file target_26.cif (mmCIF, C-alpha atoms and all ligand atoms)
data_protein
loop_
_atom_site.label_atom_id
_atom_site.label_comp_id
_atom_site.auth_asym_id
_atom_site.auth_seq_id
_atom_site.Cartn_x
_atom_site.Cartn_y
_atom_site.Cartn_z
CA MET A 1251 -23.19 20.59 -15.58
CA THR A 1252 -24.49 22.31 -18.69
CA GLU A 1253 -21.01 22.34 -20.15
CA LYS A 1254 -20.83 20.11 -23.16
CA LEU A 1255 -18.44 17.23 -22.89
CA SER A 1256 -15.74 17.23 -25.48
CA ALA A 1257 -15.70 14.40 -27.98
CA GLU A 1258 -12.47 13.24 -26.40
CA MET A 1259 -14.02 13.08 -22.94
CA LEU A 1260 -17.09 11.26 -24.24
CA GLU A 1261 -14.82 8.69 -25.77
CA ARG A 1262 -12.97 8.25 -22.47
CA PHE A 1263 -16.26 7.79 -20.64
CA GLU A 1264 -17.26 5.12 -23.14
CA ASP A 1265 -13.93 3.35 -22.69
CA VAL A 1266 -14.29 3.43 -18.92
CA SER A 1267 -17.86 2.10 -19.17
CA ARG A 1268 -16.73 -0.78 -21.35
CA ASN A 1269 -13.74 -1.54 -19.10
CA TYR A 1270 -15.84 -1.35 -15.95
CA ALA A 1271 -18.32 -3.89 -17.31
CA GLU A 1272 -15.50 -6.21 -18.37
CA ILE A 1273 -13.67 -6.02 -15.03
CA THR A 1274 -16.79 -6.58 -12.93
CA GLU A 1275 -17.63 -9.61 -15.07
CA ASN A 1276 -14.11 -10.99 -14.67
CA ILE A 1277 -14.24 -10.41 -10.92
CA ALA A 1278 -17.56 -12.23 -10.69
CA ARG A 1279 -16.23 -15.17 -12.70
CA ALA A 1280 -13.05 -15.44 -10.62
CA ALA A 1281 -15.08 -15.17 -7.42
CA GLU A 1282 -17.34 -18.02 -8.47
CA LYS A 1283 -14.40 -20.15 -9.55
CA SER A 1284 -12.99 -19.74 -6.06
CA GLY A 1285 -16.26 -20.62 -4.35
CA ARG A 1286 -17.37 -17.11 -3.54
CA LYS A 1287 -19.79 -14.52 -4.84
CA ALA A 1288 -19.08 -11.34 -6.76
CA GLU A 1289 -20.22 -9.32 -3.72
CA ASP A 1290 -17.52 -10.97 -1.61
CA ILE A 1291 -14.87 -9.17 -3.63
CA THR A 1292 -14.24 -5.46 -3.17
CA PHE A 1293 -13.30 -3.73 -6.39
CA LEU A 1294 -11.25 -0.65 -5.59
CA ALA A 1295 -10.15 1.59 -8.44
CA ALA A 1296 -6.64 3.01 -8.20
CA THR A 1297 -7.23 6.57 -9.35
CA LYS A 1298 -3.78 8.15 -9.51
CA THR A 1299 -3.44 10.61 -12.43
CA VAL A 1300 -7.14 10.22 -13.27
CA GLU A 1301 -9.28 13.38 -13.43
CA PRO A 1302 -12.15 13.53 -10.93
CA CYS A 1303 -14.80 13.74 -13.67
CA VAL A 1304 -13.56 10.43 -15.09
CA ILE A 1305 -13.43 8.87 -11.61
CA ASN A 1306 -16.97 10.09 -10.94
CA HIS A 1307 -18.13 8.61 -14.20
CA ALA A 1308 -16.91 5.23 -12.95
CA VAL A 1309 -18.75 5.86 -9.67
CA SER A 1310 -21.93 6.54 -11.66
CA LEU A 1311 -21.51 3.05 -13.13
CA GLY A 1312 -21.45 1.47 -9.67
CA LEU A 1313 -17.85 1.74 -8.52
CA ARG A 1314 -17.89 2.08 -4.72
CA TYR A 1315 -14.22 2.24 -3.67
CA ILE A 1316 -11.43 4.47 -4.91
CA GLY A 1317 -7.82 4.73 -3.78
CA GLU A 1318 -5.21 7.42 -4.19
CA ASN A 1319 -1.53 6.90 -3.57
CA LYS A 1320 -0.18 10.43 -3.19
CA VAL A 1321 -1.25 12.83 -0.45
CA GLN A 1322 -0.82 15.96 -2.58
CA GLU A 1323 -2.88 14.56 -5.42
CA LEU A 1324 -5.60 13.34 -3.06
CA LEU A 1325 -5.91 16.77 -1.47
CA SER A 1326 -6.01 18.58 -4.80
CA LYS A 1327 -8.83 16.32 -6.04
CA TYR A 1328 -10.62 15.91 -2.72
CA ASP A 1329 -13.46 18.41 -3.20
CA GLU A 1330 -14.39 16.91 -6.53
CA TYR A 1331 -14.80 13.24 -5.60
CA ASP A 1332 -18.39 12.02 -5.42
CA LEU A 1333 -17.94 10.82 -1.85
CA ASP A 1334 -21.69 10.43 -1.30
CA ASN A 1335 -21.45 7.42 -3.54
CA CYS A 1336 -17.99 6.02 -3.05
CA GLN A 1337 -15.44 5.51 -0.32
CA LEU A 1338 -11.97 7.00 -0.54
CA GLN A 1339 -8.95 5.05 0.68
CA PHE A 1340 -5.22 5.70 0.72
CA ILE A 1341 -3.13 3.02 -0.97
CA GLY A 1342 0.33 4.52 -1.44
CA HIS A 1343 3.42 4.97 0.65
CA LEU A 1344 2.60 7.38 3.47
CA GLN A 1345 5.09 9.59 5.26
CA THR A 1346 4.46 10.07 8.94
CA ASN A 1347 4.47 13.86 8.63
CA LYS A 1348 1.62 13.73 6.11
CA VAL A 1349 -0.79 11.58 8.13
CA ARG A 1350 -2.42 14.67 9.61
CA GLN A 1351 -3.45 15.85 6.13
CA ILE A 1352 -5.48 12.77 5.25
CA ILE A 1353 -6.85 11.61 8.60
CA GLY A 1354 -10.64 11.89 8.55
CA ARG A 1355 -10.61 12.22 4.77
CA VAL A 1356 -9.92 8.58 4.00
CA ALA A 1357 -11.93 5.60 5.20
CA MET A 1358 -8.94 3.28 5.24
CA ILE A 1359 -5.17 3.47 4.93
CA GLN A 1360 -3.95 0.34 3.15
CA SER A 1361 -0.24 0.88 3.40
CA VAL A 1362 0.87 0.81 7.03
CA ASP A 1363 4.25 -0.82 7.43
CA SER A 1364 5.79 0.59 10.59
CA LEU A 1365 4.91 1.18 14.22
CA LYS A 1366 5.97 4.80 13.83
CA LEU A 1367 3.36 5.34 11.11
CA ALA A 1368 0.67 3.45 13.03
CA LYS A 1369 1.37 5.53 16.15
CA GLU A 1370 0.93 8.76 14.21
CA ILE A 1371 -2.33 7.49 12.65
CA SER A 1372 -3.51 6.62 16.16
CA ARG A 1373 -2.45 10.01 17.56
CA GLN A 1374 -4.16 11.99 14.79
CA SER A 1375 -7.28 9.83 15.00
CA VAL A 1376 -7.57 10.42 18.74
CA LYS A 1377 -7.07 14.13 18.19
CA ASN A 1378 -9.91 14.18 15.66
CA GLY A 1379 -12.16 11.89 17.69
CA ILE A 1380 -12.41 9.29 14.97
CA ASN A 1381 -11.35 5.71 14.32
CA THR A 1382 -9.17 4.85 11.36
CA ASP A 1383 -9.12 1.46 9.65
CA ILE A 1384 -5.82 0.27 8.27
CA LEU A 1385 -4.30 -2.64 6.42
CA VAL A 1386 -0.77 -3.73 7.13
CA GLU A 1387 1.37 -3.84 4.00
CA VAL A 1388 3.55 -6.88 3.50
CA ASN A 1389 6.64 -6.93 1.28
CA ILE A 1390 5.95 -10.49 0.22
CA GLY A 1391 8.71 -10.55 -2.40
CA ARG A 1392 11.29 -9.28 0.10
CA GLU A 1393 12.33 -6.60 -2.36
CA GLU A 1394 14.81 -3.94 -1.41
CA ASN A 1395 13.51 -0.37 -1.47
CA LYS A 1396 9.92 -1.54 -1.38
CA SER A 1397 7.34 -0.67 1.25
CA GLY A 1398 5.92 -3.31 3.53
CA VAL A 1399 7.09 -5.50 6.36
CA PHE A 1400 8.62 -8.93 5.92
CA SER A 1401 6.32 -11.77 6.87
CA GLU A 1402 8.37 -12.70 9.94
CA GLU A 1403 7.93 -9.15 11.29
CA LEU A 1404 4.18 -9.21 10.90
CA ASP A 1405 3.12 -10.79 14.21
CA GLU A 1406 5.17 -8.39 16.27
CA LEU A 1407 3.92 -5.32 14.40
CA LEU A 1408 0.30 -6.46 14.66
CA GLY A 1409 0.72 -6.93 18.40
CA GLU A 1410 2.14 -3.44 18.77
CA ILE A 1411 -0.56 -1.79 16.67
CA ALA A 1412 -3.34 -3.71 18.46
CA VAL A 1413 -2.82 -1.76 21.68
CA LEU A 1414 -2.97 1.69 20.03
CA ASP A 1415 -6.11 3.80 20.40
CA ASN A 1416 -8.51 4.67 17.58
CA ILE A 1417 -6.84 2.52 14.97
CA LYS A 1418 -8.07 -0.83 13.78
CA VAL A 1419 -6.30 -3.40 11.65
CA ARG A 1420 -8.72 -4.77 9.04
CA GLY A 1421 -6.39 -6.97 7.04
CA LEU A 1422 -3.34 -7.19 4.82
CA MET A 1423 -2.21 -5.61 1.59
CA THR A 1424 0.62 -6.34 -0.80
CA VAL A 1425 2.20 -5.26 -4.06
CA PRO A 1426 4.14 -8.33 -5.21
CA PRO A 1427 7.21 -8.19 -7.45
CA ILE A 1428 6.72 -7.87 -11.18
CA CYS A 1429 6.72 -11.42 -12.50
CA GLU A 1430 6.98 -12.78 -16.01
CA LYS A 1431 5.02 -15.93 -15.35
CA ARG A 1432 1.65 -16.49 -13.73
CA GLU A 1433 3.02 -19.27 -11.55
CA GLU A 1434 5.56 -16.92 -10.04
CA ILE A 1435 3.07 -14.28 -9.02
CA CYS A 1436 0.59 -16.89 -7.81
CA LYS A 1437 3.25 -18.16 -5.42
CA PHE A 1438 3.41 -14.71 -3.83
CA PHE A 1439 -0.39 -14.51 -3.70
CA ASP A 1440 -0.53 -17.98 -2.11
CA ASN A 1441 1.98 -16.95 0.52
CA MET A 1442 -0.07 -13.86 1.35
CA TYR A 1443 -3.20 -15.96 1.65
CA LYS A 1444 -1.43 -18.31 4.05
CA LEU A 1445 -0.40 -15.36 6.24
CA PHE A 1446 -3.94 -14.01 6.10
CA ILE A 1447 -5.47 -17.34 7.15
CA ASP A 1448 -2.85 -17.90 9.79
CA ILE A 1449 -3.54 -14.54 11.44
CA SER A 1450 -7.30 -14.97 11.04
CA SER A 1451 -7.10 -18.20 13.02
CA LYS A 1452 -5.66 -16.45 16.05
CA THR A 1453 -8.06 -14.24 17.92
CA LEU A 1454 -6.27 -11.01 18.52
CA ASP A 1455 -7.91 -7.98 20.11
CA ASN A 1456 -8.40 -5.11 17.73
CA ILE A 1457 -7.26 -7.14 14.74
CA SER A 1458 -9.70 -8.49 12.21
CA MET A 1459 -8.71 -10.06 8.97
CA ASP A 1460 -11.56 -8.75 6.82
CA PHE A 1461 -9.55 -7.74 3.78
CA LEU A 1462 -6.80 -9.32 1.77
CA SER A 1463 -5.94 -6.59 -0.73
CA MET A 1464 -3.87 -7.87 -3.64
CA GLY A 1465 -4.09 -7.98 -7.43
CA MET A 1466 -3.86 -5.14 -9.92
CA SER A 1467 -4.66 -4.67 -13.62
CA ASP A 1468 -2.58 -7.55 -14.93
CA ASP A 1469 -3.30 -10.10 -12.25
CA TYR A 1470 -6.50 -9.34 -10.33
CA GLU A 1471 -8.22 -12.50 -11.50
CA ASP A 1472 -5.30 -14.67 -10.37
CA ALA A 1473 -5.23 -12.82 -7.06
CA ILE A 1474 -8.91 -13.61 -6.49
CA LEU A 1475 -8.35 -17.25 -7.38
CA CYS A 1476 -5.59 -17.26 -4.74
CA GLY A 1477 -7.88 -15.80 -2.08
CA ALA A 1478 -7.85 -12.00 -2.43
CA ASN A 1479 -11.11 -10.34 -1.48
CA MET A 1480 -10.05 -6.85 -2.51
CA VAL A 1481 -8.39 -5.93 -5.80
CA ARG A 1482 -6.92 -2.57 -6.78
CA VAL A 1483 -7.30 -1.92 -10.49
CA GLY A 1484 -6.08 1.24 -12.23
CA SER A 1485 -4.99 1.22 -15.84
CA ARG A 1486 -7.29 -1.60 -16.92
CA LEU A 1487 -10.21 0.59 -15.93
CA PHE A 1488 -9.05 4.08 -16.80
CA GLY A 1489 -6.54 3.41 -19.59
CA LYS A 1490 -2.82 4.01 -19.64
CA ARG A 1491 -1.74 6.58 -17.08
CA ILE A 1492 -0.58 9.94 -18.36
CA TYR A 1493 1.73 11.63 -15.88
CA ARG A 1494 1.54 15.39 -16.26
C1 LIG B 1 -1.39 2.25 -9.16
C2 LIG B 1 -1.65 1.26 -8.13
C3 LIG B 1 -2.46 0.14 -8.39
C4 LIG B 1 -3.09 -0.15 -9.73
O1 LIG B 1 -2.14 -0.37 -10.73
P1 LIG B 1 -2.59 -0.85 -12.19
O2 LIG B 1 -1.50 -1.74 -12.63
O3 LIG B 1 -2.71 0.37 -13.02
O4 LIG B 1 -3.86 -1.56 -12.05
C5 LIG B 1 -2.68 -0.74 -7.34
N1 LIG B 1 -2.13 -0.56 -6.12
C6 LIG B 1 -1.36 0.50 -5.85
C7 LIG B 1 -0.79 0.63 -4.48
C8 LIG B 1 -1.09 1.44 -6.84
O5 LIG B 1 -0.31 2.50 -6.55
#

call {"tool": "encode", "arguments": {"input": "target_26.cif", "output": "structure tokens"}}
result
Amino acid sequence: MTEKLSAEMLERFEDVSRNYAEITENIARAAEKSGRKAEDITFLAATKTVEPCVINHAVSLGLRYIGENKVQELLSKYDEYDLDNCQLQFIGHLQTNKVRQIIGRVAMIQSVDSLKLAKEISRQSVKNGINTDILVEVNIGREENKSGVFSEELDELLGEIAVLDNIKVRGLMTVPPICEKREEICKFFDNMYKLFIDISSKTLDNISMDFLSMGMSDDYEDAILCGANMVRVGSRLFGKRIYR
């Protein structure tokens, strides 16, 4: 760590520090407005394309949850994450044949949308003697070519996952359609919250509705106001993504 940070990197760290303070303040304000406390909301940083040293800088500021969305990228950065101080989750589309590569490395998989995928997570978890937490991803905007189950498929999928070994459903996740107006996106958030509450009210074995993961850089405050208790923020924290 004796290496001197470049002026460019120092500037990035300063930007991230400023952004982190701003986001945590906004989260706290939105939490209070919706009758909750800042601690009730989990702030997960979406870290795709971000260098580990920049991610770890955010962790040094207090960030406790990070999420990657590509298996290859996660594996290439894995040894560099400061995992003593933050928890790593998987938030992207996951192919069944790649489950084996991340099982045991991630604390939660947020993007489970098929029984086939859940079965493989269960199988690999059993094999490794661990339990894996998951969220079920809902395609709340019913968009073609988008991950997630439709709301009417949710009950059946939850029932099927509930009986699998070493896998536990901890809540729901969504990436709503891109909307021009706040009211439009809030409608999707409201619908997710209704599903979340509806499922919470039933007592299902092996299913607990602890997390409602929705809201990203442009809409995390609205998502919290609509009932989210986990937001996934990327570019607002780390700056515009540069794909290399
Ligand atoms: C990239 C990503 C985010 C964060 O997106 P931003 O708009 O940069 O905040 C959230 N969720 C998922 C699943 C992502 O892939």

call {"tool": "closest_atom_pairs", "arguments": {"input": "target_26.cif", "of": "chain A", "to": "ligand LIG 1 (chain B)", "cutoff": "10 Å", "atoms": "all atoms listed in the file", "output": "tab-separated table"}}
result
residue	atom	partner	partner_atom	distance
A:Leu1294	CA	B:LIG1	C5	8.7
A:Ala1295	CA	B:LIG1	C4	7.4
A:Ala1296	CA	B:LIG1	C4	5.0
A:Thr1297	CA	B:LIG1	C1	7.3
A:Lys1298	CA	B:LIG1	C1	6.4
A:Thr1299	CA	B:LIG1	C1	9.2
A:Gly1317	CA	B:LIG1	C6	8.0
A:Glu1318	CA	B:LIG1	O5	7.3
A:Asn1319	CA	B:LIG1	O5	5.5
A:Lys1320	CA	B:LIG1	O5	8.6
A:Phe1340	CA	B:LIG1	C7	8.5
A:Ile1341	CA	B:LIG1	C7	4.8
A:Gly1342	CA	B:LIG1	C7	5.1
A:His1343	CA	B:LIG1	C7	7.9
A:Gln1360	CA	B:LIG1	C7	8.3
A:Ser1361	CA	B:LIG1	C7	7.9
A:Glu1387	CA	B:LIG1	C7	9.8
A:Met1423	CA	B:LIG1	C7	8.8
A:Thr1424	CA	B:LIG1	C7	8.0
A:Val1425	CA	B:LIG1	C7	6.6
A:Ser1463	CA	B:LIG1	N1	8.9
A:Met1464	CA	B:LIG1	N1	7.9
A:Gly1465	CA	B:LIG1	C5	7.4
A:Met1466	CA	B:LIG1	O4	4.2
A:Ser1467	CA	B:LIG1	O4	3.6
A:Asp1468	CA	B:LIG1	O2	6.3
A:Asp1469	CA	B:LIG1	O2	8.6
A:Tyr1470	CA	B:LIG1	O4	8.4
A:Val1481	CA	B:LIG1	C5	7.9
A:Arg1482	CA	B:LIG1	C5	4.7
A:Val1483	CA	B:LIG1	O4	3.8
A:Gly1484	CA	B:LIG1	O3	3.6
A:Ser1485	CA	B:LIG1	O3	3.7
A:Arg1486	CA	B:LIG1	O4	6.0
A:Leu1487	CA	B:LIG1	O4	7.7
A:Phe1488	CA	B:LIG1	O3	8.3
A:Gly1489	CA	B:LIG1	O3	8.2
A:Lys1490	CA	B:LIG1	O3	7.6
A:Arg1491	CA	B:LIG1	O3	7.5

call {"tool": "residues_around", "arguments": {"input": "target_26.cif", "residues": "Cys1436 in chain A", "least_positions_apart": "3", "cutoff": "7 Å", "atoms": "all atoms listed in the file", "output": "list in words"}}
result
Arg1432, Glu1433, Phe1439, Asp1440, Asp1472 and Cys1476 of chain A

call {"tool": "closest_residue", "arguments": {"input": "target_26.cif", "among": "A:Phe1461, A:Val1399, A:Ile1474, A:Gln1374", "to": "Lys1287 in chain A", "atoms": "all atoms listed in the file"}}
result
A:Ile1474

call {"tool": "atom_distance", "arguments": {"input": "target_26.cif", "atom1": "CA of Ala1412 in chain A", "atom2": "CA of Tyr1443 in chain A"}}
result
20.8 Å

call {"tool": "closest_atom_pairs", "arguments": {"input": "target_26.cif", "of": "range 1310-1416 of chain A", "to": "range 1263-1285 of chain A", "cutoff": "10 Å", "atoms": "only C-alpha atoms", "output": "CSV"}}
result
residue,atom,partner,partner_atom,distance
A:Ser1310,CA,A:Ser1267,CA,9.6
A:Leu1311,CA,A:Ser1267,CA,7.1
A:Gly1312,CA,A:Tyr1270,CA,8.9
A:Leu1313,CA,A:Tyr1270,CA,8.3

call {"tool": "residues_around", "arguments": {"input": "target_26.cif", "residues": "Val1304 in chain A", "least_positions_apart": "3", "cutoff": "9 Å", "atoms": "all atoms listed in the file", "output": "PyMOL selection string"}}
result
chain A and resi 1259+1262-1263+1266+1300-1301+1307-1309+1488

call {"tool": "closest_residue", "arguments": {"input": "target_26.cif", "among": "A:Gly1354, A:Ile1390, A:Val1362, A:Ile1457", "to": "Lys1444 in chain A", "atoms": "only C-alpha atoms"}}
result
A:Ile1390

call {"tool": "atom_distance", "arguments": {"input": "target_26.cif", "atom1": "CA of Met1358 in chain A", "atom2": "CA of Glu1394 in chain A"}}
result
25.7 Å

call {"tool": "closest_residue", "arguments": {"input": "target_26.cif", "among": "A:Leu1367, A:Ala1478, A:Leu1454, A:Ala1257", "to": "Arg1286 in chain A", "atoms": "only C-alpha atoms"}}
result
A:Ala1478

call {"tool": "residues_around", "arguments": {"input": "target_26.cif", "residues": "Asp1405 in chain A", "least_positions_apart": "6", "cutoff": "12 Å", "atoms": "all atoms listed in the file", "output": "JSON, numbers by chain"}}
result
{"A": [1386, 1388, 1399, 1411, 1412, 1422, 1445, 1446, 1448, 1449, 1450, 1452, 1454, 1457]}
